[in-house]
Amino acid sequence: MSTATDGERTGLQARVRRRAERLRDFVDDTSPGALVTIAVIAASLLAAFVGFLLVSSLTVVPFIVFLAASGYGWLRHQEETALILTLTTTVSTLLILGLIIVFIFLESVPVVQYESATVFGVTVPGLRMFIETRWDAVSSPVRYSMVPMIHGTVMVTIIATAVAAPLGVAAALFLSEIAPAVVREFVKPGVEILAGIPSIVYGFIGFTVLSPWASDQFDLTGQGTYLFVGVVVGLMALPTVVSVAEDALSSVPESMKSGSLAVGTTDWQTMTSITLPAAFSGVSAAVLLGVGRAIGETMAATVMLRGVPRLTEPLVNVFYGQETLTSLIARNYGEADGLQLDALFIAGVILFVTVLFISIGAQYIEWRMRRKLGGEA
Amino acid sequence: MAGATRSKLVEAETTGTDAVAAGAVGLSAILFVLSLAALFETVTISEPVAGIPVVTLIGGLLVLLGGAVITFGVGSRLGYVETQPSSGAGLIAAAVAGVAWFTVAGGAASQTLGLGTVGGVAGGVVVGGVAFAAAALTREDIGSTVPIGSLSLLTGLVFIADVIGPTWIWDLGWEQSASLTAEFVIPVATLFSTLFAGWAAAKAYGGFGARGRRMGAYTLIYLNALSIVAFLFILVAFVVVQGVPGLMTGVQFGAGVGPETTLFGFTFTWPIYVPFVMNGVALLNDFQGVLPAIVGTIWLVIGAVLFAVPLGVGAAVFLTEYAERGRFTQAVEVATNGLWSTPSIVFGLFGFAFLVPRFGNQKSLLAGMLTLGFMLLPLVVITSREAMIAVPDEYRDASVALGVTKWDTIRSVVLPAALPGVVTGVILGVGRIAGETAPILLTMAGGTFVPGAQTVDVIGGFEFTATPPFVANPELLQATSALPYQLFALITAGVGLGDNVTDPQGFRWATALVLLIVVLSFYAIGIATRYYFRSKLRYE
Amino acid sequence: MSETETTQTEEKRSDQPLQTTAGETEEETRPEWIDYRFDGKSKLTSESLDVFYGDDHAIKGVSMDIPENSVTALIGPSGCGKSTFLRCLNRMNDRIKAARIDGSVKLEGEEIYQDGVNLVELRKRVGMVFQSPNPFPKSIRDNISYGPRKHGDIEKGLVAKLLGRSDEEKEDELVERCLRDAALWDEVKDRLDDNALGLSGGQQQRLCIARALATDPEVLLMDEPASALDPIATSKIEDLIHKLSEDYTVVIVTHNMQQAARISDQTAVFLTGGELVEYGDTDKIFENPESQRVEDYISGKFG
Amino acid sequence: MSETETTQTEEKRSDQPLQTTAGETEEETRPEWIDYRFDGKSKLTSESLDVFYGDDHAIKGVSMDIPENSVTALIGPSGCGKSTFLRCLNRMNDRIKAARIDGSVKLEGEEIYQDGVNLVELRKRVGMVFQSPNPFPKSIRDNISYGPRKHGDIEKGLVAKLLGRSDEEKEDELVERCLRDAALWDEVKDRLDDNALGLSGGQQQRLCIARALATDPEVLLMDEPASALDPIATSKIEDLIHKLSEDYTVVIVTHNMQQAARISDQTAVFLTGGELVEYGDTDKIFENPESQRVEDYISGKFG
Amino acid sequence: SGQSGDSGSGGNSGGEGGGSTSTATDAPESGSGESMEGETESSSSSGSSSSLLTAEGSSTVYPISNKGSSYWNSNAPPSDGEYWGSNSESTVPGWSEIETDMLIADYFASQFGFEPTEQRSSPPFPTTVGLSHSGTGCEAVVDGLVDIGNSSGPITAELDWSEERRDETVVDNVVGRDGQPVVVSADVSEAGVTQLTGEQVRQIFQGEVSNWSELEGVDYDQEIFVIGRAEGSGTDTSFRLNMLGDADAPMEVDTRQGQNQQVAQLVQQNEGAIAYMALAFTGESVIPIGIDFEGTLYEPDPDAENTIFDSDYPLNRDLHMYTLIEESNPNGGGRDRREAAFINMFLTEFGQTVFVEQNNYIPLPTSDLEEFKSQLEPLMA
Ligand SMILES: Nc1ncnc2c1ncn2[C@@H]1O[C@H](COP(=O)(O)OP(=O)(O)OP(=O)(O)O)[C@@H](O)[C@H]1O
Ligand SMILES: Nc1ncnc2c1ncn2[C@@H]1O[C@H](COP(=O)(O)OP(=O)(O)OP(=O)(O)O)[C@@H](O)[C@H]1O
Ligand SMILES: [Mg+2]
Ligand SMILES: [Mg+2]
Ligand SMILES: O=P([O-])([O-])[O-]
C-alpha cells in the first residue's frame, strides 16, 4: 500500500491518456459532418442549460437550435447522434442530483450564518441549530433549532423500522423461500400494491381514524402521536423492505440451498443457516432502504402530527408527536419567508444528506454481498 | 458418527398427544382474533358474553392455553410424549422469553408493588434473567414451553383475578398526560401472550427439534404474510366502503344523461353520469366533484412521463451499451440510487427553489410536471437498465456478428427486447408519483375547490405567437389541482365551507377513493403488463 | 427417536427398519422385472419411474436396481435425463416446482415416494454431491460440521459453550476424518477456518464430497463431480470414489465415457428422450453392448 | 458505408477492401513459417496470435493458415481456447472488455488487426454461428432478413412501403434460399411469421446458420454448433456443413472428436494452456498424430 | 340536453341547484353543450384584461371571497332567486339598488366596462381563490403572484411593515369584520366553562396553566388541549396582537393547524380543547365563550349587551383583500379594472349581506361602503 499514491497517479495518467486516445480515435473515425453536428448539439444544449440557469428569456433560442441539430443529426448521422444524445441524458441525470445539492444548500446558507454559535472561542456556523432546542419563528429570541425535528424523525424512524424490518424480512422469506407458487402469485402483487397506496391516503385514515382512536386509548390530551405515525410510516416502508430483501434472498444461488438440503436439513434450517446469512448484506441493505423511506415520508406525518416543534417529555414519550423534518417543510413552506424559509431548506439538507448516505451505504453493502457470493471473499 | 441417531423415514400417524398441541395452536388462533377484535373495539372487554365478562373469558382461555403448552412440554420431558427435542431452545427463543418476562415483572414491580423505576428495572432484570436462563439452559421441550406457557398462564390469572380489570389504568406520569388503559393493555397483552404460546404450541406439535422449529417459525411467517394481505384488503375495503356513497351521489344511467365529449370532431354523450368525477365545484352544481383534480393528475403524469422516459431510457442505453464500466458509470449508479431514495419533499423543495422562479415565479403545472419527472427519472433509469442488462448478450453478439452497427443493434434488438421491462417499470413508477403530494404541494398546488370550468386544458392552451418562443401555453404556467393535493386540502381546509356539499366527510372519502382507484389502476396495469410480457417472453 | 441411541460407526452401520410398520419389506427378493442380476444386496430400486417437467416427459419408465457398496455410473448424451434421474433418488426433484414424478423408488425396500416420508432423514441417508461445487460461504470446518450440527450430533455455539456441552473435539475428529476421506486434508489442514469459497474449484468439489460424507450417508449420489476439474483433480476424485465404494453405495453421473469405464462397476446408458437403454456390468456395456444405439453412442457416432 | 451500393449475390461477391486506404496487401505468398501446406488458396491466416484475458494468457502464439472452401475443425479439451481463437477471426473478441489481442490475422492477405478496419464490413464477410442457438425474438422471416435489411440490401417497413420501395419479393427469395441452404425450409415454410423462439433447439441452430448465410459471408465460423442437439439434428447439421464447404470457408469448433473426424478436412488440436499443438489433414491427425499428447487426448486418456 | 362541467346536472334532485335545469334551457345561446375545452380556451386566449383573476391567502377571508367567487363564476341570471337571494318570497337587502336583468358577473363587470358574455358559468373573466394563510396572501400579492391577497391580519403586522410602506405598496380593501371568538370543545362547555377572563385566556395560551381545574371557578379535572393556528396566519397574528399584546408575543400551544377548518375539526374530535378562530367556523360542538376584559364581558350571543360582534371587542378585526399598487392603473387608486369589478361586488349592500353576514361575519357600516364607491368612480364605465 506504500506505493498506493504512486500507483494511483500513474493509473490516473494512464487513464487520462487512454481517454485522450479514445477521443482521438473517435474523432479520426467520425466523418467531419457528424463531428460538426454533434458539436452543435452539445454546444446548443449547453447554452440552453446556462440560459435556463440564469433565468434568461433567450433560453429558447439555443434550445431550438438543439432540436434542429438533433433532428438533422438523426437523419444524417444517426450513429453519432444517438451516442451524443444518450450521453447527454446520462449527464443530465448526474446534473439533476448536482443541482439538487447546489440549490438546497445555497438556499439554506443565510440561516446557517444566523444560527452560528461560539464554542471555545470558535464561531461555528449553524451550530446553534443543533445545540439549542428552541424553535420559534415569531417571538424573540427567534430561533430555528433542528433538534426537535431531528428527535421526531428519529422517533418515527425507529418505530417504523421496528415495524417494517421484522415483518418485511419475514414476508420476504415467505415470498422467496416458503410460499407455494399459487400463494406467491397473490401475495407478491399484494405487497406491490401496498407500496402504491398514496401516503396521503394513509395520512387521511391516520388523521380521521387512528389518531382519535389512539387519543382515546391512551387518554391523551389532544391527538397526534409518534407511535402511530411510526406505525403508519412503518407500514409504508414495509413494501420497500420486502421487495429489496426478497431480491437479496432469491439471489442466493439455488445450489447453496440444495447443498444444505442434501445433507438432510429442514428448509427452515437452510433458511436460517445458509440463505439468511448469505443474503445478510442484501437484507440489511433492504432494511436500510426502508429506513430511508421512513425518514423521508412526509404526508402521513404532516397530517397526523401536532405541528409544534418541541421535544417531547420525557424524550421517549411516544404518545406525543410534535414534528418531523419532513412535516416541518410541508407544513410551513407556505407562510415561511426569509430566515424561516431558509430553515426549511436546512431541514431539507439534513434529510437529503442522511438519506443519501443511507442509500450509498446500502449500495456498498449490496455490492459487497454480490462480490462475496461471487466467491471473492 | 458415534451418537448419531436415525429417526424414522416414514412418519407415524397423528397421535392423541399431537391433538393436544394442535388444539393449543387452534386456541391461540381464536385468542389472536379475539384480542384484535378487542383492540379495535369490535368486542368490548367489559361486556359479558353468555354471562361471563369478555376479560374473564380471555383470561380463562389464556390459562387453558398456557396450561396446555406447559403440560405438553413437561410431558415430553418425562417421556410421556414422543418428541425429538434439541438440547436447548436456542438464543432467540430465550431472548424472547427474557424480554417478555422482563416487561411483565418490571411493570408489576414498579406499579403493583410500587417499587418505582429502579425497583421495576431490578425486578424485571431478575425475573427476565431467570426466564432467559430457563429457556436457554434446559432441554428444548422444557425451555421453549415452560417460560412462555407460564407467561400466558400468569396473564390469564391476572385477568381472571381482576388485577387488571376493565377499568384499570396506569398513568405514566409523563408531562402531558398519557396513560395505559385496560382497553389497550388487555388486548395487547393477550395478543403477545397468544403469539408466544401459539409459537410454542406449534413447535410442540412439530415434536420440537428441527421439525418443531420449522413448524413454529412457519406458523409465525404464514401469520405475518396473512396479516399483510389482510391489512391491504381491509385498508382498501375501508376506503371503498367509506368512499362509495360520496362517489355515487347523483349517479345516473341511461342514454344522454352524461356530459358531452367531443373527440376528433365526433361528439357523443356519455350514457352514465357520475357527478363526482365529471364536475368541478361550483355554485350551480347539484353535486360537486373533483374533475379538475383528476384532469390535473393526468396531465401531471403525462408531463412527468414525457420528461423522464426519454431521459431515463437514453441514460440507460448509454450506461449499458456505450459506457465502459468504471468511475463514471459507478457515479451515475450512485446518483440514480441516491435520487431514488431522496425524499419526495426534498424534490418539492428543489422544484420550489429551482423551477418555480424560472416559470414565471409562481407555482405551475409545468413545475409540478418537471418535479415529478425528476422523481420518476431514477426509477426509469434503474428499471430500464435492469431490463437492458437482462437482454442476453447473445442477441447483441448475433447482431454484431452479422455486421450490424452498434446503434442499429441497440435499436433493433436491445430496445425491443428490453421494452417489457421498461414499460412495467415506468407504469409502476407512474403509480408512485401519481399519488405523491409533497412535491406538488410546493410546486403546483392551486385552488382548493376548483370549478369545472377551470379544468386545465393543455392541448387547447397552446398559442402561437409571432415573437420567440413562438409557442406559449398559459395553461402550463398556471397552478391547477391534483387528486392527492385535493385530498390534502380537504383534510387541512375541510369541506364544510361550500354550501353545496351536503356530506363533507363523504366528499373527502370519495376523493380518497378516486385517488386510490387512479393509483391502483396504474399498479394493476403495471402488474398485468408484467404477467403478459413474462408469459410472452417465456414462449410456450 | 431421542430414545433410540444407536451408535453408528463406519464398521457397524445401523440397518434398522425404516418404517414403523416394519415387516414384509425385509425379504431379499430381487424384483422379477429386473433384467440385470448382480451378486449382493440391492440398495436402491426404481420401478417404472416417470418424470415430467410440465409437459416435457424427461424420464420414461425407468426401472433399475442398484447394488450395495459398488459404483454405478449413469452415462448418456446431454439432456437425456441423467441428472433428473439421480435427483429422484433422494427426492431433490421436489425442489423443482415444475417437476412431477410417477412410479416408485425404494431405499432398501422402503418406498421413498409415499406420504409421510421424512425428507430430512432420507437425505441424511442418501447424500448428494452436485455437478458444480457449491460450498457454503462459511469456513471449511463449518462446511463439514454443518450437517451433523443441524442434526444435533454436534453441539457448538455460545450456549453450548456456556453449558460446557461444546463438542469441539468430536467436531475436530469428524472434520479431519471426512477431509481425509475426501483426499483434501493435507491441502487444507492449516486453514480450516478460512472461507471455503477461497478454495480452488477442485478443492471445493472435494470439500463438497467431504461435506456429504460428514452426515454419514449410506448412498452417495454424484452428478458429474469432475466435470469442471483439471486432470489431476479428476484423478484424485476418481481414486476417492473408488475407495468410497468399499463403504458406500455410489451412484455417479458422468459425461465422460472413459471415466465411467475407469471407475464404475455397473453402467447404465440413458439415451435422448429419457430412456434407460441398457444397464449392466461396465465391462460388458463397453465391450459388448447389446443395443446398436448404445454401441453408436459409445463409439462416438453422436453425442 | 451508406454511400456504397453494391448488390451482393452469390455469383458476384463484393471483395471490396476492408480498409478505406486499400494498398499493398494483395500479394499471394504463403507465409514461410507455415508447417502445414495444402493445395489451393489460403483464406485466413493467423500469425503468432496471443490473447490475454486480464493476466490470463488464453491463446499462446498461434500461427495457422486456413484454406479456402474447406472445413477446418478446432478440437481440444474444455477451456483450451478454441472459442477464443475462433472469435479472434472476426474480431468478436473486441466485445470482451478484458480481452487483449497481440499478433496478426489476415483475411485474404489483408490484416484485420490494424487501425481503420471497418468491423461491419469484416463481420459481413466473416460470419459466425454461436455455440448455443441465439435467434432474435422475432419472426423466422425477420430473423433471416435482419442482416440484409440493416445493410440496406432489402428495404422493408412502413416508410419503404409508403414509398413503394418495399423489396418483398427479394426478401421472400432470400429467406427461402437461406432456409433451404440450412436444410430448414421444409420444416418451417408454413410458419415463417411465427416467433423463432418457438422452434426446437436444433431448428433454432439451423435458423442461426441460415441467418448467417443471409448476409452472404465468405467465411463461416461455427462454435460447437451441434453441442446441444440430438443425434438426428446433429447429423442434419453435419450434412449441411459438408454442403456449405463447397461455397464457403468453414471453421468449426467441436468438443466431439468423432464429429471432427467425420466432417472436417483439416483439424487443429489445441491443448490446455492455449497452445496449438498439431494442425494438419484430419485423417493424418486422427490416424497418425505426431505428438504423444495429441494421441493421448484423442484416445481419451484425459479431457 | 348535455351539460358542461358545472352547469346544473340533468337531474332535478332538488337541493340548492333545483332550478338549474330550467335556467340552462332558458339560455340556449349559452351553448351549454360546449365542452370544457371550449370554455377554458375562450377564457384564456382573449387578452389579459379578461384573464383569470387570482386571489390567495387567509382562511378567514376565504369563506367570503370563495363564496363571492362561486357566485361570480356561476354568472347566474337574476331570475334565479336561489343565487341572487331575491325572488318572489324574499328579497335581500340591497336588491333594490341593483334591480337588473343581467347575469350576476355580467352585471358587476359591465359596470367597469367589460362585455357581458350572457352565458351561464362563463363570466367576463373567471376568478379563483387559493386557501392558505394571511401571511402567504400578503406576500403573494406583493410579489405579484396573485391579484388579490386575502388577509385577516393587517399587512403591517403580517410582514412587519411600516404604515407608510403599506400605503405606498398596496390598497387595503376591507370587505368585512370578524369578531374573533375563543372556542372550547363541547365537554368543556358542558363542564360549565362559558366565559373566561382575558387574563385566564392569556395564561392558557402562554402555558401558565395546563389543567382546567387550575382556573379559578372551574371544576373540571381535564388537561387543557390548547390549539393554535399556524404562525403567520392572520388569526394567529391578530390573536397575539389583540390578546397577548404584541404580534410577536410568545405562545405555548399543544398543536398548531394550518387552517380554521382544521382547528374546528380538532376541537370537535378532542376533549378539553380551547382554540381561537374566525367566527365563520364556530358550530354546535365548537362553542364560542364569553370573555371578560377588565370588567366588560363580551358574550357570544348577538343579543347581549356587549357582544363579540361589537367593534370595541378587543379581538375584533378587519378582513382585508389587498391589491398591489401598479403604475399601469393610476386611476383606481392602484386597482385595475378586474380587481375593482370583483371587489366592488363585495362592497355593495347585497354583497355584504350574502357574502359577509351569511357567513357569520360582521358587515361594514354603510359609510365605509360609500367611501369605497367614491374611490372607484374613475374606473367605472
Ligand atoms: N428444472 C427444469 N425445468 C424444466 N425442464 C428441465 C429442468 N431440468 C431439466 N429439464 C429438462 O429435462 C431433460 C433432462 O435434463 P437433465 O438435466 O436431467 O439432463 P442431463 O442428462 O443431466 O444432461 P447434462 O448432461 O447436460 O447435465 C432436459 O430436456 C432438460 O431440458
Ligand atoms: N470473457 C472472458 N473473460 C475472462 N476469461 C475468459 C473469458 N472467456 C474465456 N476465458 C478464459 O479463457 C480460456 C479459454 O476459454 P475458451 O472459451 O476459449 O475455451 P474453449 O476451448 O472454447 O472451452 P469450451 O470447450 O469449454 O468452450 C479459459 O481459461 C477461460 O476461462
Ligand atoms: Mg446433468
Ligand atoms: Mg467454447
Ligand atoms: O385568516 P388566516 O387563515 O390567516 O388565519
# chains A, B, ... in the order shown; residues from 1 in each chain; ligands from 1
call {"tool": "calpha_fit_rmsd", "arguments": {"fixed": "chain C", "moving": "chain D"}}
result
1.1 Å
call {"tool": "residues_around", "arguments": {"residues": "Lys60 (chain D)", "least_positions_apart": "3", "cutoff": "10 Å", "atoms": "only C-alpha atoms", "output": "list of chain:residue names"}}
result
D:Ser48, D:Leu49, D:Asp50, D:Val51, D:Phe52, D:His57, D:Ser63, D:Gly81, D:Asp102, D:Gly273, D:Gly274, D:Glu275, D:Leu276
call {"tool": "closest_atom_pairs", "arguments": {"of": "chain D", "to": "ligand 4", "cutoff": "12 Å", "atoms": "only C-alpha atoms and all ligand atoms", "output": "Markdown table"}}
result
| residue | atom | partner | partner_atom_place_in_ligand_line | distance |
| --- | --- | --- | --- | --- |
| D:Ala58 | CA | ligand 4 | 1 (Mg) | 12.0 |
| D:Leu74 | CA | ligand 4 | 1 (Mg) | 10.4 |
| D:Ile75 | CA | ligand 4 | 1 (Mg) | 10.0 |
| D:Gly76 | CA | ligand 4 | 1 (Mg) | 9.8 |
| D:Pro77 | CA | ligand 4 | 1 (Mg) | 9.6 |
| D:Ser78 | CA | ligand 4 | 1 (Mg) | 7.1 |
| D:Gly79 | CA | ligand 4 | 1 (Mg) | 6.8 |
| D:Cys80 | CA | ligand 4 | 1 (Mg) | 8.3 |
| D:Gly81 | CA | ligand 4 | 1 (Mg) | 7.0 |
| D:Lys82 | CA | ligand 4 | 1 (Mg) | 5.9 |
| D:Ser83 | CA | ligand 4 | 1 (Mg) | 4.2 |
| D:Thr84 | CA | ligand 4 | 1 (Mg) | 7.2 |
| D:Phe85 | CA | ligand 4 | 1 (Mg) | 9.4 |
| D:Leu86 | CA | ligand 4 | 1 (Mg) | 9.0 |
| D:Arg87 | CA | ligand 4 | 1 (Mg) | 9.8 |
| D:Phe130 | CA | ligand 4 | 1 (Mg) | 9.3 |
| D:Gln131 | CA | ligand 4 | 1 (Mg) | 7.3 |
| D:Ser132 | CA | ligand 4 | 1 (Mg) | 10.2 |
| D:Met222 | CA | ligand 4 | 1 (Mg) | 10.4 |
| D:Asp223 | CA | ligand 4 | 1 (Mg) | 6.7 |
| D:Glu224 | CA | ligand 4 | 1 (Mg) | 7.3 |
| D:Pro225 | CA | ligand 4 | 1 (Mg) | 10.6 |
| D:Ser227 | CA | ligand 4 | 1 (Mg) | 10.3 |
| D:Ile252 | CA | ligand 4 | 1 (Mg) | 10.9 |
| D:Val253 | CA | ligand 4 | 1 (Mg) | 7.6 |
| D:Thr254 | CA | ligand 4 | 1 (Mg) | 8.4 |
| D:His255 | CA | ligand 4 | 1 (Mg) | 8.6 |
| D:Phe270 | CA | ligand 4 | 1 (Mg) | 11.8 |
call {"tool": "residues_near_ligand", "arguments": {"ligand": "ligand 5", "cutoff": "9 Å", "atoms": "only C-alpha atoms and all ligand atoms", "output": "number ranges by chain"}}
result
E: 57-62, 131-137, 150-153, 229-238, 258-260, 277-278, 319
call {"tool": "write_last_selection", "arguments": {"atoms": "N, CA and C atoms", "output": "short mmCIF file (atom, residue, chain, number, x, y, z; two decimals), in the first residue's frame"}}
result
data_model
loop_
_atom_site.label_atom_id
_atom_site.label_comp_id
_atom_site.auth_asym_id
_atom_site.auth_seq_id
_atom_site.Cartn_x
_atom_site.Cartn_y
_atom_site.Cartn_z
N GLY E 57 -54.76 33.35 0.04
CA GLY E 57 -54.43 33.79 1.39
C GLY E 57 -55.39 33.30 2.44
N SER E 58 -55.65 34.16 3.38
CA SER E 58 -56.34 33.88 4.64
C SER E 58 -57.48 32.89 4.56
N SER E 59 -57.48 31.95 5.48
CA SER E 59 -58.61 31.02 5.56
C SER E 59 -59.80 31.68 6.23
N THR E 60 -59.57 32.80 6.88
CA THR E 60 -60.68 33.51 7.50
C THR E 60 -61.49 34.25 6.43
N VAL E 61 -60.78 34.90 5.53
CA VAL E 61 -61.44 35.65 4.47
C VAL E 61 -61.99 34.69 3.42
N TYR E 62 -61.42 33.49 3.40
CA TYR E 62 -61.75 32.53 2.36
C TYR E 62 -63.26 32.33 2.17
N LEU E 131 -56.39 28.88 -0.95
CA LEU E 131 -56.56 28.88 0.51
C LEU E 131 -55.23 28.62 1.18
N SER E 132 -54.77 29.56 1.97
CA SER E 132 -53.60 29.30 2.80
C SER E 132 -53.72 30.15 4.05
N HIS E 133 -52.79 31.06 4.25
CA HIS E 133 -52.94 31.95 5.40
C HIS E 133 -52.69 33.38 4.98
N SER E 134 -52.95 34.25 5.92
CA SER E 134 -52.80 35.67 5.61
C SER E 134 -51.40 36.02 5.18
N GLY E 135 -50.42 35.51 5.90
CA GLY E 135 -49.03 35.85 5.58
C GLY E 135 -48.73 35.51 4.14
N THR E 136 -49.15 34.33 3.73
CA THR E 136 -48.90 33.90 2.36
C THR E 136 -49.61 34.81 1.38
N GLY E 137 -50.85 35.14 1.71
CA GLY E 137 -51.62 36.00 0.82
C GLY E 137 -50.95 37.34 0.65
N ASN E 150 -55.68 37.90 0.27
CA ASN E 150 -56.61 37.91 1.40
C ASN E 150 -55.83 37.86 2.69
N SER E 151 -56.27 38.69 3.64
CA SER E 151 -55.58 38.65 4.92
C SER E 151 -56.55 39.01 6.02
N SER E 152 -56.44 38.30 7.13
CA SER E 152 -57.29 38.62 8.27
C SER E 152 -56.52 39.43 9.30
N GLY E 153 -55.25 39.63 9.05
CA GLY E 153 -54.46 40.50 9.92
C GLY E 153 -53.96 41.66 9.08
N ARG E 229 -53.40 28.44 15.76
CA ARG E 229 -53.31 28.48 14.30
C ARG E 229 -51.85 28.64 13.91
N ALA E 230 -51.57 28.29 12.66
CA ALA E 230 -50.20 28.35 12.18
C ALA E 230 -49.62 29.75 12.38
N GLU E 231 -48.34 29.77 12.71
CA GLU E 231 -47.65 31.04 12.82
C GLU E 231 -47.67 31.68 11.44
N GLY E 232 -47.99 32.95 11.40
CA GLY E 232 -48.06 33.60 10.09
C GLY E 232 -49.48 33.71 9.59
N SER E 233 -50.41 32.99 10.24
CA SER E 233 -51.80 33.17 9.84
C SER E 233 -52.31 34.45 10.47
N GLY E 234 -53.25 35.09 9.81
CA GLY E 234 -53.79 36.34 10.31
C GLY E 234 -54.46 36.14 11.66
N THR E 235 -55.12 35.00 11.78
CA THR E 235 -55.80 34.73 13.04
C THR E 235 -54.81 34.67 14.18
N ASP E 236 -53.68 34.05 13.93
CA ASP E 236 -52.66 33.96 14.96
C ASP E 236 -52.07 35.32 15.26
N THR E 237 -51.75 36.06 14.20
CA THR E 237 -51.17 37.38 14.40
C THR E 237 -52.13 38.28 15.16
N SER E 238 -53.40 38.29 14.73
CA SER E 238 -54.37 39.14 15.40
C SER E 238 -54.53 38.74 16.86
N GLY E 258 -53.01 24.50 10.19
CA GLY E 258 -52.89 25.46 9.10
C GLY E 258 -54.13 26.31 8.90
N GLN E 259 -55.29 25.70 8.98
CA GLN E 259 -56.48 26.45 8.62
C GLN E 259 -57.54 26.38 9.71
N ASN E 260 -58.44 27.36 9.67
CA ASN E 260 -59.52 27.43 10.64
C ASN E 260 -60.32 26.13 10.69
N MET E 277 -60.28 31.31 16.68
CA MET E 277 -60.52 31.10 15.25
C MET E 277 -61.36 32.24 14.70
N ALA E 278 -61.92 32.01 13.53
CA ALA E 278 -62.77 33.01 12.93
C ALA E 278 -64.22 32.63 13.17
N LEU E 319 -61.22 42.40 7.88
CA LEU E 319 -60.82 41.37 6.90
C LEU E 319 -60.46 42.09 5.60
#
call {"tool": "residues_around", "arguments": {"residues": "region 203-213 of chain A", "least_positions_apart": "3", "cutoff": "10 Å", "atoms": "only C-alpha atoms", "output": "PyMOL selection string"}}
result
(chain A and resi 198-200+216-220+222-225+228-229+231-233+298-305) or (chain B and resi 40-41+235+238-239+487-488+490-492+505+508-509+512) or (chain E and resi 265-266+269-270)
call {"tool": "interface_residues", "arguments": {"of": "chain C", "to": "chain A", "cutoff": "8 Å", "atoms": "only C-alpha atoms", "output": "PyMOL selection string"}}
result
chain C and resi 92+97+119-124+127-130+134-137+147+150-151+195+197-198+211-212+215
call {"tool": "write_last_selection", "arguments": {"atoms": "N, CA and C atoms", "output": "mmCIF file, in the first residue's frame"}}
result
data_model
loop_
_atom_site.group_PDB
_atom_site.id
_atom_site.type_symbol
_atom_site.label_atom_id
_atom_site.label_comp_id
_atom_site.auth_asym_id
_atom_site.auth_seq_id
_atom_site.Cartn_x
_atom_site.Cartn_y
_atom_site.Cartn_z
ATOM 1 N N MET C 92 -34.532 -34.807 -4.420
ATOM 2 C CA MET C 92 -34.167 -33.403 -4.590
ATOM 3 C C MET C 92 -35.033 -32.761 -5.674
ATOM 4 N N LYS C 97 -40.308 -26.833 -8.965
ATOM 5 C CA LYS C 97 -41.760 -26.677 -8.931
ATOM 6 C C LYS C 97 -42.412 -27.395 -10.106
ATOM 7 N N LEU C 119 -38.215 -36.312 4.689
ATOM 8 C CA LEU C 119 -37.202 -35.986 3.680
ATOM 9 C C LEU C 119 -35.840 -35.757 4.306
ATOM 10 N N VAL C 120 -35.866 -35.161 5.480
ATOM 11 C CA VAL C 120 -34.599 -34.897 6.155
ATOM 12 C C VAL C 120 -33.855 -36.203 6.384
ATOM 13 N N GLU C 121 -34.589 -37.181 6.877
ATOM 14 C CA GLU C 121 -33.989 -38.473 7.173
ATOM 15 C C GLU C 121 -33.514 -39.134 5.876
ATOM 16 N N LEU C 122 -34.341 -39.061 4.856
ATOM 17 C CA LEU C 122 -33.985 -39.665 3.571
ATOM 18 C C LEU C 122 -32.677 -39.091 3.050
ATOM 19 N N ARG C 123 -32.603 -37.766 3.093
ATOM 20 C CA ARG C 123 -31.414 -37.134 2.516
ATOM 21 C C ARG C 123 -30.193 -37.322 3.387
ATOM 22 N N LYS C 124 -30.421 -37.539 4.672
ATOM 23 C CA LYS C 124 -29.298 -37.906 5.530
ATOM 24 C C LYS C 124 -28.734 -39.249 5.083
ATOM 25 N N GLY C 127 -26.932 -39.191 0.480
ATOM 26 C CA GLY C 127 -26.246 -37.908 0.309
ATOM 27 C C GLY C 127 -26.047 -37.588 -1.158
ATOM 28 N N MET C 128 -25.691 -36.311 -1.414
ATOM 29 C CA MET C 128 -25.568 -35.909 -2.815
ATOM 30 C C MET C 128 -24.431 -34.913 -2.993
ATOM 31 N N VAL C 129 -23.729 -35.074 -4.107
ATOM 32 C CA VAL C 129 -22.692 -34.107 -4.486
ATOM 33 C C VAL C 129 -23.073 -33.580 -5.863
ATOM 34 N N PHE C 130 -23.057 -32.261 -5.987
ATOM 35 C CA PHE C 130 -23.606 -31.674 -7.199
ATOM 36 C C PHE C 130 -22.559 -31.478 -8.275
ATOM 37 N N ASN C 134 -20.578 -26.507 -4.657
ATOM 38 C CA ASN C 134 -21.397 -25.483 -4.015
ATOM 39 C C ASN C 134 -21.153 -25.402 -2.509
ATOM 40 N N PRO C 135 -19.908 -25.088 -2.126
ATOM 41 C CA PRO C 135 -19.665 -24.957 -0.683
ATOM 42 C C PRO C 135 -20.465 -23.801 -0.113
ATOM 43 N N PHE C 136 -20.748 -23.873 1.174
ATOM 44 C CA PHE C 136 -21.414 -22.750 1.829
ATOM 45 C C PHE C 136 -20.410 -21.631 2.050
ATOM 46 N N PRO C 137 -20.874 -20.413 2.079
ATOM 47 C CA PRO C 137 -19.939 -19.296 2.347
ATOM 48 C C PRO C 137 -19.559 -19.250 3.818
ATOM 49 N N GLY C 147 -23.823 -30.258 8.597
ATOM 50 C CA GLY C 147 -24.874 -31.274 8.660
ATOM 51 C C GLY C 147 -25.028 -31.859 10.060
ATOM 52 N N LYS C 150 -26.622 -29.505 12.482
ATOM 53 C CA LYS C 150 -28.055 -29.317 12.280
ATOM 54 C C LYS C 150 -28.818 -30.544 12.735
ATOM 55 N N HIS C 151 -28.178 -31.700 12.692
ATOM 56 C CA HIS C 151 -28.869 -32.901 13.155
ATOM 57 C C HIS C 151 -28.738 -33.088 14.648
ATOM 58 N N ASN C 195 -12.468 -19.141 4.679
ATOM 59 C CA ASN C 195 -13.723 -19.286 3.951
ATOM 60 C C ASN C 195 -13.560 -20.300 2.819
ATOM 61 N N LEU C 197 -15.038 -20.558 0.126
ATOM 62 C CA LEU C 197 -15.129 -20.036 -1.236
ATOM 63 C C LEU C 197 -13.761 -19.675 -1.779
ATOM 64 N N GLY C 198 -12.764 -19.624 -0.897
ATOM 65 C CA GLY C 198 -11.425 -19.291 -1.354
ATOM 66 C C GLY C 198 -10.675 -20.484 -1.921
ATOM 67 N N ARG C 211 -18.190 -32.913 2.787
ATOM 68 C CA ARG C 211 -19.380 -32.446 3.475
ATOM 69 C C ARG C 211 -20.486 -33.505 3.419
ATOM 70 N N ALA C 212 -20.597 -34.140 2.264
ATOM 71 C CA ALA C 212 -21.621 -35.174 2.134
ATOM 72 C C ALA C 212 -21.280 -36.370 3.022
ATOM 73 N N THR C 215 -22.305 -36.460 7.074
ATOM 74 C CA THR C 215 -23.571 -36.899 7.661
ATOM 75 C C THR C 215 -23.701 -38.413 7.581
#
